[in-house]
Amino acid sequence: SRTRITKFTMPAVLIVCTSAHELQGHPTGLWLEECAAPYYLFQGAGYSVTLASPKGGPVPIDAASLAGDFLTEAAKKFLLDPAAMGALSHTARLSDVDMTPLDAIFFCGGHGTCAAGDFVDHPSVKAAVEGMHSSGRIVAAVCHGPNCLPQCVKPDGKTPLVQGLKVAGFSDSEEQAVALAGKVPFLLEAKLKELGALYEKAEDWNPKVVVDGKLVTGQNPQSSETCANAVIGLLSGA
């Protein structure tokens, strides 16, 4: 059955999280901050917020995102929020979501997105991104969330969607710093550049968000709030 998103007058946003709990034997999942911060910012703006994932059901959380300073105030709030954790434990299967009422889709990061069959090469992810972007609606992604983009093409069916567009995403130096460059299917910065994107970045672990039309991308976990606020800015016409 299709997952129908209730829409009255408020904007409707779909937050998409990884379904993968490991990457080539490395335990991983969702980087919680990258879901929690947008979730509360969108709710605070009065939006209808729905959580989805490629497979549907429970989303694994990367334990590293719960440690030390990585466990932000938004992430702490999320963990103690029954409604939020309930939504994360019962995400809609992306292929079951009716995209018609959506104003924006937001792809969270975490190395789970790099796993085979997740963001990097999933037909429902590809269809969602291409459908939203070609219809002039907002596509946003932060950190490893832009792994959803390389497989996507423009309406001509062959030109890479990111070709000629300004984008951000987890940098190659950041990937080297977390020592997972040998596990990921491709280095995101290099792949985006290879596809003709105009890649921009800040120094490692500093916020960087790029807006090009209705495409909004952020570099790292530090960019999640700015990325969500950029979506809010577009939806409010600011």
# chains A, B, ... in the order shown; residues from 1 in each chain; ligands from 1
$ closest_atom_pairs --of "range 206-227 of chain A" --to "range 150-173 of chain A" --cutoff "9 Å" --atoms "only C-alpha atoms" --output "JSON lines"
{"residue": "A:Lys208", "atom": "CA", "partner": "A:Ala168", "partner_atom": "CA", "distance": 7.1}
{"residue": "A:Val209", "atom": "CA", "partner": "A:Ala168", "partner_atom": "CA", "distance": 6.4}
{"residue": "A:Val210", "atom": "CA", "partner": "A:Val167", "partner_atom": "CA", "distance": 5.7}
{"residue": "A:Val211", "atom": "CA", "partner": "A:Lys166", "partner_atom": "CA", "distance": 7.1}
{"residue": "A:Asp212", "atom": "CA", "partner": "A:Lys166", "partner_atom": "CA", "distance": 5.8}
{"residue": "A:Gly213", "atom": "CA", "partner": "A:Leu165", "partner_atom": "CA", "distance": 8.7}
{"residue": "A:Leu215", "atom": "CA", "partner": "A:Val167", "partner_atom": "CA", "distance": 8.0}
{"residue": "A:Val216", "atom": "CA", "partner": "A:Val167", "partner_atom": "CA", "distance": 7.5}
{"residue": "A:Thr217", "atom": "CA", "partner": "A:Ala168", "partner_atom": "CA", "distance": 5.2}
{"residue": "A:Gly218", "atom": "CA", "partner": "A:Ala168", "partner_atom": "CA", "distance": 5.2}
{"residue": "A:Gln219", "atom": "CA", "partner": "A:Gly169", "partner_atom": "CA", "distance": 3.9}
{"residue": "A:Asn220", "atom": "CA", "partner": "A:Phe170", "partner_atom": "CA", "distance": 5.5}
{"residue": "A:Pro221", "atom": "CA", "partner": "A:Phe170", "partner_atom": "CA", "distance": 8.9}
$ select_by_dssp --residues "range 185-232 of chain A" --states "strand (DSSP E or B)" --output "list in words"
Leu198, Tyr199, Val209, Val210, Val211, Asp212, Leu215, Val216, Thr217 and Gly218 of chain A
$ atom_distance --atom1 "CA of Ala75 in chain A" --atom2 "CA of Met10 in chain A"
24.6 Å
$ atom_distance --atom1 "CA of Phe70 in chain A" --atom2 "CA of Glu34 in chain A"
10.5 Å
$ select_by_dssp --residues "range 11-56 of chain A" --states "alpha helix (DSSP H)" --output "list in words"
Glu33, Glu34, Cys35, Ala36, Ala37, Pro38, Tyr39, Tyr40, Leu41, Phe42, Gln43 and Gly44 of chain A
$ closest_residue --among "A:Thr18, A:Gln222, A:Thr3, A:Ser48" --to "Cys148 in chain A" --atoms "only C-alpha atoms"
A:Thr18
$ residues_around --residues "Tyr40 in chain A" --least-positions-apart "3" --cutoff "12 Å" --atoms "only C-alpha atoms" --output "PyMOL selection string"
chain A and resi 13+15+33-37+43-50+73-78+81+83-84+224-225+228-229+232
$ write_last_selection --atoms "C-alpha atoms" --output "mmCIF file, in the first residue's frame"
data_model
loop_
_atom_site.group_PDB
_atom_site.id
_atom_site.type_symbol
_atom_site.label_atom_id
_atom_site.label_comp_id
_atom_site.auth_asym_id
_atom_site.auth_seq_id
_atom_site.Cartn_x
_atom_site.Cartn_y
_atom_site.Cartn_z
ATOM 1 C CA VAL A 13 9.037 17.372 3.567
ATOM 2 C CA ILE A 15 13.478 12.986 5.211
ATOM 3 C CA GLU A 33 22.585 14.635 13.822
ATOM 4 C CA GLU A 34 21.881 14.792 10.091
ATOM 5 C CA CYS A 35 18.330 13.561 10.641
ATOM 6 C CA ALA A 36 17.651 15.099 14.049
ATOM 7 C CA ALA A 37 18.595 18.705 13.240
ATOM 8 C CA GLN A 43 8.799 20.754 12.540
ATOM 9 C CA GLY A 44 9.535 24.139 14.062
ATOM 10 C CA ALA A 45 8.726 25.779 10.734
ATOM 11 C CA GLY A 46 5.316 24.096 10.823
ATOM 12 C CA TYR A 47 6.017 21.543 8.093
ATOM 13 C CA SER A 48 4.550 18.087 7.690
ATOM 14 C CA VAL A 49 7.577 15.769 8.181
ATOM 15 C CA THR A 50 7.691 12.096 7.176
ATOM 16 C CA GLU A 73 21.531 18.781 21.428
ATOM 17 C CA ALA A 74 19.186 17.911 18.555
ATOM 18 C CA ALA A 75 20.418 14.311 18.574
ATOM 19 C CA LYS A 76 19.945 14.034 22.338
ATOM 20 C CA LYS A 77 16.421 15.432 22.038
ATOM 21 C CA PHE A 78 15.636 12.982 19.224
ATOM 22 C CA ASP A 81 11.509 11.838 21.827
ATOM 23 C CA ALA A 83 7.427 10.269 18.403
ATOM 24 C CA ALA A 84 10.758 10.863 16.667
ATOM 25 C CA SER A 224 23.092 19.790 8.666
ATOM 26 C CA GLU A 225 21.395 22.762 10.332
ATOM 27 C CA ALA A 228 17.901 22.450 6.545
ATOM 28 C CA ASN A 229 17.658 26.209 7.006
ATOM 29 C CA ILE A 232 13.309 26.515 4.794
#
$ atom_distance --atom1 "CA of Glu174 in chain A" --atom2 "CA of Leu23 in chain A"
17.0 Å
